[in-house]
Amino acid sequence: MQAPQQDPQGRLAENIVYFARALRTAGIPVGPGSVLDALTAIQTAGVGTREDFYWTLHTVFVKRHEHSMLFDQAFKIFFRKRGYLERLLALMSPPVPGAVPEAPPQASQRVLDALFSGAEKVEREKSEVEIDARFTVSDREVLEKKDFAQMSAAEIAAAKDAIKRLVLSFDQVKMRRLTPHPHGHRIDMRRTLRASLKAGGAVIDLKYRGRRTRIPPVVALLDISGSMSQYTRLFLHFLHAISDSRKRVSTFLFGTRLTNVTRALKEKDPDEALAACSASVLDWSGGTRIATSLAEFNRKWSRRVLAQGAVVLLITDGLERDPDERLEFEIDRLHRSCRRLVWLNPLLRFSGFEAKARGIKVMLPHVDEMRPIHNLESMQELCRALSGMGGRETDPKEWLRRVA
Amino acid sequence: MNKVEKSRAVPASIDDTLKLLGSADYLADRSLATVLFLALRMNRPIFLEGEAGVGKTEIAKVLSSTLGRKLIRLQCYEGLDVASAVYEWNYAAQMIAIRAAEVEGEHDSKRIQSDVFSERFLIKRPLLQALEPDPAGAPVLLIDELDRSDEAFEAFLLEVLADYQVTIPELGTVKAEHPPIVVITSNRTREIHDALKRRCLYHWVGYPTAERELEIVRAKVPGISKKLSEQLVGFVQTLRKQDLFKSPGVAETLDWATALSELDTVALDPATVSDTLGVLLKYQDDIARLEGGKVKELLDQVQAELRAAE
């Protein structure tokens, strides 16, 4: 409790504000309310050791597990640079051993950008060298950041217009929650009683409650490998159009690794959303590792986003370089953990398409539907299908039968 | 600084919080103790996220037993609504009351209405109970597995958690004199809205380190031998490094420790491990992955590590 009182109140507050600003730039949403909370928390806890100070701020500023790592780096850099904490604590304890996690370069770059925008060139370059070294892990990965701005103006306008016109009426799932309903199946005692009391209780006017319905969540897994590159832009526009904040849509991109771009797609403006997407993806137009990506999705995300009857849209051409039993295992697991698995395959644009490639043969038995998605017409059909009106021609068994 | 009532019960520092939890055999990391301490002092809800079986729910139970407060638990599920979470009117009793009023010749509907919608006919559910004054001090309110409820319920919680009050249209607003200690847990089967998280102090409960887990096992399973406890914790820790669909939590470790001591096991051997694997792993794929010599391989690895440490 002594330390903050020795320090003028203003200095502490000022530093917390600067730190909060750095966190905000690094991508942790920190509001002014949190800054006030942080000050209260520090006063309440009484800054004893570096560790306590760290966890006190962590408690207030971090609201998501993913942000822990960003916070950790920002904390270390911020308070090392300023040397403020040391002066504040007066008893400098060594940094917690073993608490330095192997942080992905992307995050550290974001933190560095936030903290030393321009000023500390040296540190920045050093970290970039590190990043370069890590990027060479896979030869199949083409670390190219494709710019969406290259899309021609006419193209953008056409796509936007067309996508706006899509009617996105999803199918409805019955919920267990009951709401007032004119033809419900249960008597709503509360409303019945209140309605009856209007007339003094002599006549009992029955009111009912019934099941409510809800739009199920949609999870899109979009292949962004080289073979799909002509389509990814358009599909992202499409996914942005359905990622309306009211409808629960999670979007993942995969090439050689899996990236969650759900938050990026929440941007209102489609151009900004796509730019945010392309900034967060490192394996643009590289190779495909469907099995690895699906495995990562199953392990890390399936339990988090597939609850409550989700529909999965798997958008890929299915051209896995070396399909093995792992692919079958993962696609089967994915199929078993969602309500409906829809495979959208742009290869179906060829009228002579046959399910001959091994990857496609392996995956087909495990999907509920395979449909084309290469032009606006097929997108419209998809919307219709999502509204619960699927046709026979999308049955995966049909494709297998034609090959056999 | 605001004066805290019942200050004898609420810990005065982070170290005290650690001691308090330790007195109930809950061995926490300093980070968790910091969050609990701040939540108690700042009167803010605690939001705990983490894998299943890492002891999130246990924290609320330990808080209630060590602070001597009542524990009120609200288990969330899909379809949870205000009637089962906050309050409900006792309709049967209300109807009898209306009938009785009629017999007595009371026909003023306004009068009947105010009689019938009084506290006498109110059935209090967990959230409302938690706002009531309690001689033992404000209760501990555990809102368990919030991710299972619908978003609509989350929105309702905002009022409760921000101002510790509930509005009943017929009666008015009920506000807690002393805010309850709120513990919210989530397994992350979906993301909880930021608006709710913003009102809470967040903490991610992770798997414990080997040393911590060993202490937990020894505290919770008192009869266990030193050698067996070291081996089983070592094995569980190695298992967590494997590529499993669901890694075993602390609850599973404790179950396993109890199971092994019930079986009078002195030391781990591949056969015993394979026979009792169902206590640790709950997915057939994970169990299948450990078949065919993999268990022995992991055990050898654990034993080599233990020998190296000695």
# chains A, B, ... in the order shown; residues from 1 in each chain; ligands from 1
call {"tool": "interface_residues", "arguments": {"of": "chain B", "to": "chain A", "cutoff": "9 Å", "atoms": "only C-alpha atoms", "output": "MDAnalysis selection string"}}
result
chainID B and resid 1 12:14 30:32 34:35 37:38 41:42 47 49:50 78:81 88:89 91 94:95 98:99 102 107:110 112:113 148 150 187:191 194 197:198 200:204 243:246
call {"tool": "residues_around", "arguments": {"residues": "A:Thr259", "least_positions_apart": "3", "cutoff": "10 Å", "atoms": "only C-alpha atoms", "output": "VMD selection string"}}
result
chain A and resid 221 to 222 251 to 256 262 277 280 to 283 293 297
call {"tool": "residues_around", "arguments": {"residues": "stretch 174-186 of chain B", "least_positions_apart": "5", "cutoff": "7 Å", "atoms": "only C-alpha atoms", "output": "number ranges by chain"}}
result
B: 40, 43, 45-50, 56-57, 60, 130-133, 138-147, 164-167
call {"tool": "write_last_selection", "arguments": {"atoms": "C-alpha atoms", "output": "compact mmCIF listing (two decimals), in the first residue's frame"}}
result
# COMPACT_ATOMS: atom_id res chain seq x y z
CA LEU B 40 -13.93 -9.23 -3.11
CA ASN B 43 -17.39 -5.82 -5.30
CA PRO B 45 -18.25 -10.33 -10.33
CA ILE B 46 -15.53 -12.84 -11.20
CA PHE B 47 -15.66 -14.38 -14.66
CA LEU B 48 -13.78 -17.67 -14.83
CA GLU B 49 -13.11 -19.38 -18.13
CA GLY B 50 -11.21 -22.58 -18.75
CA LYS B 56 -13.77 -23.28 -11.68
CA THR B 57 -16.93 -24.28 -9.85
CA ALA B 60 -17.24 -20.65 -5.50
CA ALA B 130 -28.89 -13.81 -3.77
CA LEU B 131 -30.04 -10.19 -3.46
CA GLU B 132 -31.71 -10.76 -0.11
CA PRO B 133 -29.97 -9.73 3.09
CA ALA B 138 -23.80 -11.39 1.43
CA PRO B 139 -24.07 -14.87 -0.14
CA VAL B 140 -21.86 -16.35 -2.85
CA LEU B 141 -23.80 -16.54 -6.11
CA LEU B 142 -22.47 -19.14 -8.53
CA ILE B 143 -23.72 -18.78 -12.11
CA ASP B 144 -22.41 -22.01 -13.54
CA GLU B 145 -21.69 -22.69 -17.23
CA LEU B 146 -23.14 -19.47 -18.55
CA ASP B 147 -22.19 -20.47 -22.10
CA TYR B 164 -27.21 -5.85 -8.17
CA GLN B 165 -30.88 -5.26 -8.65
CA VAL B 166 -33.86 -6.98 -10.24
CA THR B 167 -37.04 -5.36 -11.48
call {"tool": "select_by_dssp", "arguments": {"residues": "stretch 243-279 of chain A", "states": "strand (DSSP E)", "output": "ChimeraX atom specification"}}
result
/A:249-254,258-260
call {"tool": "residues_around", "arguments": {"residues": "B:Asp300", "least_positions_apart": "6", "cutoff": "12 Å", "atoms": "only C-alpha atoms", "output": "mmCIF file with N, CA and C atoms, in the first residue's frame"}}
result
data_model
loop_
_atom_site.group_PDB
_atom_site.id
_atom_site.type_symbol
_atom_site.label_atom_id
_atom_site.label_comp_id
_atom_site.auth_asym_id
_atom_site.auth_seq_id
_atom_site.Cartn_x
_atom_site.Cartn_y
_atom_site.Cartn_z
ATOM 1 N N GLN B 231 4.302 -40.355 -9.715
ATOM 2 C CA GLN B 231 4.157 -41.038 -11.001
ATOM 3 C C GLN B 231 2.883 -40.624 -11.716
ATOM 4 N N GLY B 234 3.019 -37.092 -12.966
ATOM 5 C CA GLY B 234 3.926 -37.059 -14.109
ATOM 6 C C GLY B 234 3.260 -37.593 -15.363
ATOM 7 N N PHE B 235 2.492 -38.680 -15.187
ATOM 8 C CA PHE B 235 1.822 -39.284 -16.338
ATOM 9 C C PHE B 235 0.749 -38.347 -16.906
ATOM 10 N N THR B 238 2.348 -35.535 -18.791
ATOM 11 C CA THR B 238 2.825 -35.979 -20.110
ATOM 12 C C THR B 238 1.654 -36.141 -21.064
ATOM 13 N N LEU B 268 2.740 -47.320 -10.714
ATOM 14 C CA LEU B 268 2.051 -47.458 -11.996
ATOM 15 C C LEU B 268 2.730 -48.518 -12.864
ATOM 16 N N ASP B 269 1.915 -49.345 -13.510
ATOM 17 C CA ASP B 269 2.457 -50.221 -14.545
ATOM 18 C C ASP B 269 1.501 -50.173 -15.736
ATOM 19 N N PRO B 270 1.996 -50.488 -16.929
ATOM 20 C CA PRO B 270 1.179 -50.309 -18.141
ATOM 21 C C PRO B 270 -0.194 -50.966 -18.047
ATOM 22 N N GLY B 293 1.128 -50.145 -26.776
ATOM 23 C CA GLY B 293 2.486 -49.791 -26.387
ATOM 24 C C GLY B 293 2.719 -48.327 -26.074
ATOM 25 N N LYS B 294 1.759 -47.477 -26.461
ATOM 26 C CA LYS B 294 1.949 -46.046 -26.230
ATOM 27 C C LYS B 294 1.983 -45.731 -24.725
ATOM 28 N N LEU B 306 11.484 -38.752 -13.630
ATOM 29 C CA LEU B 306 11.484 -38.772 -12.164
ATOM 30 C C LEU B 306 12.863 -39.161 -11.629
ATOM 31 N N ARG B 307 13.494 -40.143 -12.300
ATOM 32 C CA ARG B 307 14.818 -40.560 -11.863
ATOM 33 C C ARG B 307 15.815 -39.417 -12.036
#
call {"tool": "atom_distance", "arguments": {"atom1": "atom CA of A:Ser227", "atom2": "atom CA of A:Gly286"}}
result
8.6 Å
call {"tool": "select_by_dssp", "arguments": {"residues": "stretch 14-241 of chain B", "states": "helix (DSSP H, G or I)", "output": "ChimeraX atom specification"}}
result
/B:14-23,30-42,56-67,82-85,91-103,109-116,119-121,126-131,146-148,151-163,194-198,210-220,226-241
call {"tool": "residues_around", "arguments": {"residues": "A:Gly226", "least_positions_apart": "3", "cutoff": "7 Å", "atoms": "only C-alpha atoms", "output": "ChimeraX atom specification"}}
result
/A:229,285-287
call {"tool": "write_last_selection", "arguments": {"atoms": "C-alpha atoms", "output": "short mmCIF file (atom, residue, chain, number, x, y, z; two decimals), in the first residue's frame"}}
result
data_model
loop_
_atom_site.label_atom_id
_atom_site.label_comp_id
_atom_site.auth_asym_id
_atom_site.auth_seq_id
_atom_site.Cartn_x
_atom_site.Cartn_y
_atom_site.Cartn_z
CA SER A 229 -7.47 -17.93 -55.56
CA SER A 285 -2.52 -18.50 -52.20
CA GLY A 286 -0.17 -21.14 -50.90
CA GLY A 287 -0.64 -24.89 -50.79
#
call {"tool": "residues_around", "arguments": {"residues": "A:Leu364", "least_positions_apart": "5", "cutoff": "12 Å", "atoms": "only C-alpha atoms", "output": "ChimeraX atom specification"}}
result
/A:314,317-318,327-328,331-332,335,341-345,354-359,369-371,394-401,403
call {"tool": "write_last_selection", "arguments": {"atoms": "C-alpha atoms", "output": "mmCIF file, in the first residue's frame"}}
result
data_model
loop_
_atom_site.group_PDB
_atom_site.id
_atom_site.type_symbol
_atom_site.label_atom_id
_atom_site.label_comp_id
_atom_site.auth_asym_id
_atom_site.auth_seq_id
_atom_site.Cartn_x
_atom_site.Cartn_y
_atom_site.Cartn_z
ATOM 1 C CA LEU A 314 -16.821 -26.086 -46.169
ATOM 2 C CA ASP A 317 -12.061 -27.776 -54.159
ATOM 3 C CA GLY A 318 -10.954 -30.814 -52.168
ATOM 4 C CA LEU A 327 -8.314 -36.573 -43.820
ATOM 5 C CA GLU A 328 -11.095 -39.132 -43.562
ATOM 6 C CA ILE A 331 -13.823 -34.839 -41.935
ATOM 7 C CA ASP A 332 -15.775 -37.567 -40.163
ATOM 8 C CA HIS A 335 -19.420 -34.168 -39.684
ATOM 9 C CA LEU A 341 -22.086 -30.159 -43.256
ATOM 10 C CA VAL A 342 -22.385 -28.483 -46.650
ATOM 11 C CA TRP A 343 -19.501 -28.714 -49.077
ATOM 12 C CA LEU A 344 -19.338 -25.901 -51.570
ATOM 13 C CA ASN A 345 -17.105 -26.901 -54.425
ATOM 14 C CA GLU A 354 -16.557 -36.382 -61.682
ATOM 15 C CA ALA A 355 -15.596 -37.217 -58.139
ATOM 16 C CA LYS A 356 -12.370 -38.871 -59.178
ATOM 17 C CA ALA A 357 -9.672 -37.093 -57.202
ATOM 18 C CA ARG A 358 -8.784 -39.107 -54.129
ATOM 19 C CA GLY A 359 -9.299 -36.261 -51.680
ATOM 20 C CA GLU A 369 -24.535 -31.944 -49.322
ATOM 21 C CA MET A 370 -22.193 -30.903 -52.084
ATOM 22 C CA ARG A 371 -23.156 -27.919 -54.152
ATOM 23 C CA THR A 394 -26.701 -32.128 -54.127
ATOM 24 C CA ASP A 395 -26.744 -35.542 -52.474
ATOM 25 C CA PRO A 396 -23.100 -36.650 -52.221
ATOM 26 C CA LYS A 397 -24.063 -40.280 -52.849
ATOM 27 C CA GLU A 398 -25.177 -39.342 -56.361
ATOM 28 C CA TRP A 399 -21.669 -38.165 -57.235
ATOM 29 C CA LEU A 400 -20.099 -41.331 -55.880
ATOM 30 C CA ARG A 401 -22.570 -43.494 -57.767
ATOM 31 C CA VAL A 403 -18.039 -42.589 -60.625
#
call {"tool": "atom_distance", "arguments": {"atom1": "atom CA of B:Ala267", "atom2": "atom CA of B:Tyr26"}}
result
26.0 Å
call {"tool": "residues_around", "arguments": {"residues": "B:Arg120", "least_positions_apart": "2", "cutoff": "12 Å", "atoms": "only C-alpha atoms", "output": "NGL selection string"}}
result
:B and (88-91 or 93-94 or 97 or 114-118 or 122-124 or 171)
